[in-house]
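For reference, the structure discussed in these notes is given below.
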Amino acid sequence: MPETLSTMTSPPAGASPSAPPSTSARSLVLTRLRDLALVPAIIAVAVVGSLVNPVFLSTDNLLNVLQSMSEIAILVLAQTIVLITGKMDLSLESTFGLAPGIAAWLVVDPALTRGLGLDVLPDGLAVPVVLLVGALVGAVNGLLIVRFGLNGFIVTLGMLIVLRGLLTGISGGQTFFALPASMTYLGSATWFGAPASIWVSLLLFAVGIVVLGYTRVGRALYAIGGNADAARAAGIRTDRVLWAALVVASVLAALAGLLISGRLAAVPAAQGDGAIFQVFAAAVIGGVSLNGGKGSVFGAFTGVLLLFMIINVLTLAGVPAQWTNFLNGAVILVALTVSRITGGKAQT
């Protein structure tokens with residue numbers, strides 16, 4: 001999978017313009033191998049898990065792991081798209097909660113609908129509202145970051161706080177219950193013997209692998225993250241691509257929020273609170289660079305899979321869930337340290 005400007009007119013960082021074909025082929029092989037770097041670790045955790053508790057390898061437990069990670073995995077996919085461009089979106093965790101929260105507020109709050117002159121907002125509009133809210137959040141982020149040139153980290157941090165406060169405000173700090181069937185279907189349905197959310201997550205990752213690895217759009221994302229000025233000089237409309245990436249990421253976050261709301265049949269006021277830590281832990285351990293231009297969708301998937309397998313093993317071993325944040329932070333620090341040692345390049 002391309003990781004820098006190697007697919008554009010400029011050579012990869014550190015390579016000479018006249019690098020021989022054998023060097024390029026060798027770099028491609030190394031890139032493919034890095035995508036598989038976590039597979040041995042996943043196998044090792046599976047072996048350890050089976051020794052800790054034989055239940056670990058049971059079909060029910062493996063489906064439970066996949067379902068519990070499916071919503072966060074979509075958030076990881078969304079964050080991966082943004083990170084590859086050299087940006088980061090901290091507001092994804094709040095979009096994860098606010099988008100289904102807005103839909104639930106409009107559909108199930110009778111006082112609000114009467115105030116708007118409606119008997120009730122049609123249930124069929126709930127899902128479009130969720131996705132529309134996600135797109136709107138991404139568009140506003142793009143406006144502030146791309147058009148006004150504001151710092152992406154600060155903008156999305158501020159948006160995280162704003163959206164979290166908005167969800168708390170419209171819900172009164174309470175949980176929305178009695179969600180319509182349109183909002184609960186994807187989170188509660190079963191397709192081909194497995195929860196629908198698993199299939200949705202896998203499908204989105206498959207699409208992500210194809211788009212980022214084998215299309216012009218994907219090459220443009222890597223090019224922008226590797227060197228935005230060079231990408232612009234190569235004719236890539238960097239502003240438009242970056243804006244689109246932010247919108248797509250927010251829509252994915254909204255969809256992930258819809259899935260977990262459907263699984264819980266509720267939208268808590270604190271939905272998504274703290275999820276960004278798991279998202280970054282999974283992305284970083286999956287080899288996605290915080291500096292942009294490097295990483296792969298498959299690597300991100302193996303990162304989130306490994307993280308949730310470890311959490312499941314710790315749970316089966318009786319380790320309290322309160323240690324999860326410690327694990328997430330430790331994973332980030334270890335992954336960054338390993339990346340620094342193996343890459344030989346200082347991180348900024």
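Identifiers for the structure tokens are assigned positionally: chains receive A, B, ... in sequence, residues are indexed from 1 per chain, and ligands are indexed from 1 in the order shown.
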
Self-check item: Neighbour list for stretch 314-320 of chain A as a list in words, cut-off 12 Å, only C-alpha atoms, skip fewer than 6 positions in-chain
Solution: Val45, Val48, Gly49, Ser50, Leu51, Val52, Asn53, Pro54, Val55, Phe56, Leu57, Asn61, Val65, Leu307, Phe308, Phe326 and Leu327 of chain A

Any chance you can output those residues with C-alpha atoms as a CSV table (one decimal), in the first residue's frame?
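Wrote it out as again_22.csv, contents follow:
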chain,number,residue,atom,x,y,z
A,45,VAL,CA,-2.8,-13.4,22.3
A,48,VAL,CA,-2.5,-17.0,25.8
A,49,GLY,CA,-6.3,-16.3,25.9
A,50,SER,CA,-7.1,-20.0,25.4
A,51,LEU,CA,-4.7,-20.9,28.2
A,52,VAL,CA,-6.2,-18.2,30.6
A,53,ASN,CA,-9.7,-19.4,29.9
A,54,PRO,CA,-10.8,-22.1,27.3
A,55,VAL,CA,-13.9,-20.0,26.7
A,56,PHE,CA,-11.8,-17.4,24.8
A,57,LEU,CA,-11.7,-19.4,21.6
A,61,ASN,CA,-16.8,-15.3,22.8
A,65,VAL,CA,-15.2,-9.6,20.8
A,307,LEU,CA,-6.5,-4.2,21.5
A,308,PHE,CA,-9.9,-5.7,22.0
A,326,PHE,CA,-4.1,2.3,31.6
A,327,LEU,CA,-3.9,-0.3,28.9

Using only C-alpha atoms, what does the table of stretch 101-218 of chain A residues within 12 Å of stretch 244-249 of chain A look like, with each row giving the shortest atom pair and its distance in Å to one decimal, sorted by chain and ascending number, as a tab-separated table?
residue	atom	partner	partner_atom	distance
A:Leu131	CA	A:Val248	CA	10.1
A:Leu132	CA	A:Val247	CA	10.2
A:Val133	CA	A:Val247	CA	10.3
A:Gly134	CA	A:Val247	CA	7.4
A:Ala135	CA	A:Val247	CA	5.3
A:Leu136	CA	A:Val247	CA	7.6
A:Val137	CA	A:Val247	CA	7.4
A:Gly138	CA	A:Val247	CA	4.0
A:Ala139	CA	A:Val247	CA	5.6
A:Val140	CA	A:Val247	CA	8.7
A:Asn141	CA	A:Leu246	CA	7.0
A:Gly142	CA	A:Leu246	CA	6.2
A:Leu143	CA	A:Leu246	CA	10.0
A:Leu144	CA	A:Leu246	CA	11.1
A:Ile145	CA	A:Leu246	CA	9.6
A:Val146	CA	A:Leu246	CA	9.9
A:Gly152	CA	A:Leu246	CA	10.5
A:Thr156	CA	A:Leu246	CA	10.4
A:Leu204	CA	A:Val248	CA	11.8
A:Gly208	CA	A:Val248	CA	11.2
A:Leu212	CA	A:Ala245	CA	11.3
A:Val217	CA	A:Ala245	CA	9.9
A:Gly218	CA	A:Ala245	CA	10.3

Could those selected residues go to a file with N, CA, C and O atoms, as a PDB file, in the first residue's frame?
ATOM      1  N   LEU A 131     -26.906  10.514   9.897  1.00  0.00           N
ATOM      2  CA  LEU A 131     -25.833  10.691   8.919  1.00  0.00           C
ATOM      3  C   LEU A 131     -25.669  12.167   8.539  1.00  0.00           C
ATOM      4  O   LEU A 131     -24.537  12.638   8.323  1.00  0.00           O
ATOM      5  N   LEU A 132     -26.778  12.900   8.485  1.00  0.00           N
ATOM      6  CA  LEU A 132     -26.717  14.325   8.155  1.00  0.00           C
ATOM      7  C   LEU A 132     -25.991  15.109   9.224  1.00  0.00           C
ATOM      8  O   LEU A 132     -25.188  16.008   8.918  1.00  0.00           O
ATOM      9  N   VAL A 133     -26.243  14.782  10.486  1.00  0.00           N
ATOM     10  CA  VAL A 133     -25.528  15.451  11.579  1.00  0.00           C
ATOM     11  C   VAL A 133     -24.031  15.175  11.467  1.00  0.00           C
ATOM     12  O   VAL A 133     -23.209  16.086  11.639  1.00  0.00           O
ATOM     13  N   GLY A 134     -23.678  13.929  11.175  1.00  0.00           N
ATOM     14  CA  GLY A 134     -22.259  13.606  11.001  1.00  0.00           C
ATOM     15  C   GLY A 134     -21.629  14.409   9.887  1.00  0.00           C
ATOM     16  O   GLY A 134     -20.535  14.967  10.039  1.00  0.00           O
ATOM     17  N   ALA A 135     -22.315  14.493   8.746  1.00  0.00           N
ATOM     18  CA  ALA A 135     -21.787  15.256   7.611  1.00  0.00           C
ATOM     19  C   ALA A 135     -21.658  16.737   7.960  1.00  0.00           C
ATOM     20  O   ALA A 135     -20.682  17.392   7.563  1.00  0.00           O
ATOM     21  N   LEU A 136     -22.612  17.281   8.703  1.00  0.00           N
ATOM     22  CA  LEU A 136     -22.580  18.695   9.085  1.00  0.00           C
ATOM     23  C   LEU A 136     -21.390  18.992   9.991  1.00  0.00           C
ATOM     24  O   LEU A 136     -20.698  19.998   9.817  1.00  0.00           O
ATOM     25  N   VAL A 137     -21.143  18.104  10.958  1.00  0.00           N
ATOM     26  CA  VAL A 137     -19.995  18.292  11.849  1.00  0.00           C
ATOM     27  C   VAL A 137     -18.697  18.275  11.055  1.00  0.00           C
ATOM     28  O   VAL A 137     -17.816  19.124  11.246  1.00  0.00           O
ATOM     29  N   GLY A 138     -18.557  17.322  10.141  1.00  0.00           N
ATOM     30  CA  GLY A 138     -17.361  17.246   9.314  1.00  0.00           C
ATOM     31  C   GLY A 138     -17.188  18.471   8.439  1.00  0.00           C
ATOM     32  O   GLY A 138     -16.076  18.967   8.244  1.00  0.00           O
ATOM     33  N   ALA A 139     -18.311  18.980   7.904  1.00  0.00           N
ATOM     34  CA  ALA A 139     -18.250  20.169   7.054  1.00  0.00           C
ATOM     35  C   ALA A 139     -17.793  21.389   7.845  1.00  0.00           C
ATOM     36  O   ALA A 139     -16.998  22.208   7.350  1.00  0.00           O
ATOM     37  N   VAL A 140     -18.279  21.521   9.071  1.00  0.00           N
ATOM     38  CA  VAL A 140     -17.856  22.654   9.913  1.00  0.00           C
ATOM     39  C   VAL A 140     -16.380  22.526  10.266  1.00  0.00           C
ATOM     40  O   VAL A 140     -15.627  23.518  10.230  1.00  0.00           O
ATOM     41  N   ASN A 141     -15.941  21.320  10.605  1.00  0.00           N
ATOM     42  CA  ASN A 141     -14.515  21.102  10.865  1.00  0.00           C
ATOM     43  C   ASN A 141     -13.681  21.497   9.648  1.00  0.00           C
ATOM     44  O   ASN A 141     -12.645  22.151   9.763  1.00  0.00           O
ATOM     45  N   GLY A 142     -14.149  21.076   8.463  1.00  0.00           N
ATOM     46  CA  GLY A 142     -13.436  21.419   7.236  1.00  0.00           C
ATOM     47  C   GLY A 142     -13.400  22.912   6.991  1.00  0.00           C
ATOM     48  O   GLY A 142     -12.381  23.465   6.558  1.00  0.00           O
ATOM     49  N   LEU A 143     -14.506  23.584   7.270  1.00  0.00           N
ATOM     50  CA  LEU A 143     -14.566  25.038   7.090  1.00  0.00           C
ATOM     51  C   LEU A 143     -13.512  25.729   7.952  1.00  0.00           C
ATOM     52  O   LEU A 143     -12.785  26.619   7.482  1.00  0.00           O
ATOM     53  N   LEU A 144     -13.419  25.324   9.201  1.00  0.00           N
ATOM     54  CA  LEU A 144     -12.492  25.980  10.130  1.00  0.00           C
ATOM     55  C   LEU A 144     -11.038  25.603   9.858  1.00  0.00           C
ATOM     56  O   LEU A 144     -10.144  26.445   9.956  1.00  0.00           O
ATOM     57  N   ILE A 145     -10.815  24.348   9.496  1.00  0.00           N
ATOM     58  CA  ILE A 145      -9.437  23.869   9.307  1.00  0.00           C
ATOM     59  C   ILE A 145      -8.906  24.220   7.922  1.00  0.00           C
ATOM     60  O   ILE A 145      -7.793  24.737   7.774  1.00  0.00           O
ATOM     61  N   VAL A 146      -9.712  23.935   6.910  1.00  0.00           N
ATOM     62  CA  VAL A 146      -9.253  24.115   5.532  1.00  0.00           C
ATOM     63  C   VAL A 146      -9.415  25.553   5.062  1.00  0.00           C
ATOM     64  O   VAL A 146      -8.474  26.182   4.573  1.00  0.00           O
ATOM     65  N   GLY A 152      -5.845  22.161  13.307  1.00  0.00           N
ATOM     66  CA  GLY A 152      -6.794  21.066  13.340  1.00  0.00           C
ATOM     67  C   GLY A 152      -6.971  20.459  14.713  1.00  0.00           C
ATOM     68  O   GLY A 152      -8.087  20.088  15.101  1.00  0.00           O
ATOM     69  N   THR A 156     -10.708  20.606  16.482  1.00  0.00           N
ATOM     70  CA  THR A 156     -11.466  19.396  16.801  1.00  0.00           C
ATOM     71  C   THR A 156     -11.574  19.172  18.301  1.00  0.00           C
ATOM     72  O   THR A 156     -12.541  18.568  18.769  1.00  0.00           O
ATOM     73  N   LEU A 204     -17.074  -1.966   5.604  1.00  0.00           N
ATOM     74  CA  LEU A 204     -16.479  -0.630   5.538  1.00  0.00           C
ATOM     75  C   LEU A 204     -14.955  -0.710   5.478  1.00  0.00           C
ATOM     76  O   LEU A 204     -14.310   0.052   4.752  1.00  0.00           O
ATOM     77  N   GLY A 208     -12.549   0.568   2.590  1.00  0.00           N
ATOM     78  CA  GLY A 208     -11.420   1.432   2.919  1.00  0.00           C
ATOM     79  C   GLY A 208     -10.110   0.919   2.351  1.00  0.00           C
ATOM     80  O   GLY A 208      -9.283   1.699   1.852  1.00  0.00           O
ATOM     81  N   LEU A 212      -8.282   3.389  -0.309  1.00  0.00           N
ATOM     82  CA  LEU A 212      -7.005   3.989   0.068  1.00  0.00           C
ATOM     83  C   LEU A 212      -5.822   3.315  -0.606  1.00  0.00           C
ATOM     84  O   LEU A 212      -4.783   3.944  -0.806  1.00  0.00           O
ATOM     85  N   VAL A 217      -8.017   8.622  -5.257  1.00  0.00           N
ATOM     86  CA  VAL A 217      -8.366   9.321  -4.011  1.00  0.00           C
ATOM     87  C   VAL A 217      -7.444   8.882  -2.878  1.00  0.00           C
ATOM     88  O   VAL A 217      -6.939   9.701  -2.104  1.00  0.00           O
ATOM     89  N   GLY A 218      -7.239   7.565  -2.767  1.00  0.00           N
ATOM     90  CA  GLY A 218      -6.347   7.059  -1.730  1.00  0.00           C
ATOM     91  C   GLY A 218      -4.932   7.571  -1.894  1.00  0.00           C
ATOM     92  O   GLY A 218      -4.288   7.985  -0.915  1.00  0.00           O
TER      93      GLY A 218
END

Practice problem: Tell me, as a list in words, which residues lie within 12 Å of A:Ser188, counting only C-alpha atoms; anything in the same chain fewer than 3 positions away does not count. | Solution: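 Contacts, in chain order: Gln67, Ala181, Ser182, Met183, Thr184, Tyr185, Trp191, Ala194, Pro195, Ala196, Ser197, Ile198, Leu258, Leu259, Ile260, Ser261, Gly262, Arg263, Leu264, Ala265 and Ala266 of chain A.
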
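Here the question is which of A:Ala300, A:Val107, A:Gly329, A:Phe96 gets nearest to A:Gly124 using only C-alpha atoms, and that residue is A:Val107.
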
Quiz prompt | Exercise: stretch 276-283 of chain A partners within 10 Å, only C-alpha atoms, chain neighbours under 3 positions left out, as a ChimeraX atom specification | solution = /A:72-80,83,88-94,272-273,286-290,295-297,299-308,324-325,327-336

Exercise. Go through stretch 120-294 of chain A and collect every residue that DSSP, computed from the backbone, puts in strand (DSSP E); the answer should be as a list in words.
Key: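 Selection result, strand (DSSP E) within stretch 120-294 of chain A: Thr190, Trp191, Ala194 and Pro195 of chain A.
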
Any chance you could export the current selection's N, CA and C atoms as an mmCIF file, in the first residue's frame?
data_model
loop_
_atom_site.group_PDB
_atom_site.id
_atom_site.type_symbol
_atom_site.label_atom_id
_atom_site.label_comp_id
_atom_site.auth_asym_id
_atom_site.auth_seq_id
_atom_site.Cartn_x
_atom_site.Cartn_y
_atom_site.Cartn_z
ATOM 1 N N THR A 190 -29.276 -9.750 13.149
ATOM 2 C CA THR A 190 -28.300 -10.816 12.911
ATOM 3 C C THR A 190 -28.338 -11.195 11.429
ATOM 4 N N TRP A 191 -27.164 -11.181 10.808
ATOM 5 C CA TRP A 191 -27.049 -11.574 9.400
ATOM 6 C C TRP A 191 -26.132 -12.785 9.294
ATOM 7 N N ALA A 194 -24.287 -13.938 12.457
ATOM 8 C CA ALA A 194 -23.430 -13.005 13.195
ATOM 9 C C ALA A 194 -24.125 -11.648 13.272
ATOM 10 N N PRO A 195 -23.846 -10.866 14.321
ATOM 11 C CA PRO A 195 -24.456 -9.544 14.438
ATOM 12 C C PRO A 195 -24.203 -8.695 13.193
#

Quiz prompt | Point-to-point distance in Å for atom CA of A:Ile170 and atom CA of A:Trp105 | solution = 7.1 Å

Quiz item: Contacts of A:Phe298 at 8 Å or less, counting only C-alpha atoms, minus same-chain residues fewer than 6 places along, as a list in words?
Solution: Asp35, Phe205 and Ile209 of chain A

Considering only C-alpha atoms, give me a table of residues in stretch 249-311 of chain A that are at most 9 Å from stretch 223-242 of chain A, with the closest atom pair and distance in Å for each, as CSV.
residue,atom,partner,partner_atom,distance
A:Asn291,CA,A:Gly225,CA,7.4
A:Gly292,CA,A:Gly225,CA,4.3
A:Gly293,CA,A:Gly225,CA,4.0
A:Lys294,CA,A:Gly226,CA,7.6

Please write the residues from the selection above to a file, keeping N, CA and C atoms, as an mmCIF file, in the first residue's frame.
data_model
loop_
_atom_site.group_PDB
_atom_site.id
_atom_site.type_symbol
_atom_site.label_atom_id
_atom_site.label_comp_id
_atom_site.auth_asym_id
_atom_site.auth_seq_id
_atom_site.Cartn_x
_atom_site.Cartn_y
_atom_site.Cartn_z
ATOM 1 N N ASN A 291 2.124 11.556 12.116
ATOM 2 C CA ASN A 291 2.702 12.615 11.285
ATOM 3 C C ASN A 291 2.099 12.652 9.890
ATOM 4 N N GLY A 292 1.283 11.664 9.558
ATOM 5 C CA GLY A 292 0.630 11.641 8.262
ATOM 6 C C GLY A 292 1.414 10.898 7.202
ATOM 7 N N GLY A 293 0.711 10.440 6.166
ATOM 8 C CA GLY A 293 1.343 9.822 5.013
ATOM 9 C C GLY A 293 1.732 8.378 5.166
ATOM 10 N N LYS A 294 1.550 7.791 6.339
ATOM 11 C CA LYS A 294 1.945 6.398 6.552
ATOM 12 C C LYS A 294 0.873 5.649 7.315
#

Exercise. Looking only at helix (DSSP H, G or I) from DSSP on the backbone, list the matching residues of stretch 82-278 of chain A as number ranges by chain.
Key: A: 82-84, 92-108, 110-115, 123-147, 152-171, 181-188, 196-214, 216-226, 228-233, 238-264, 275-278
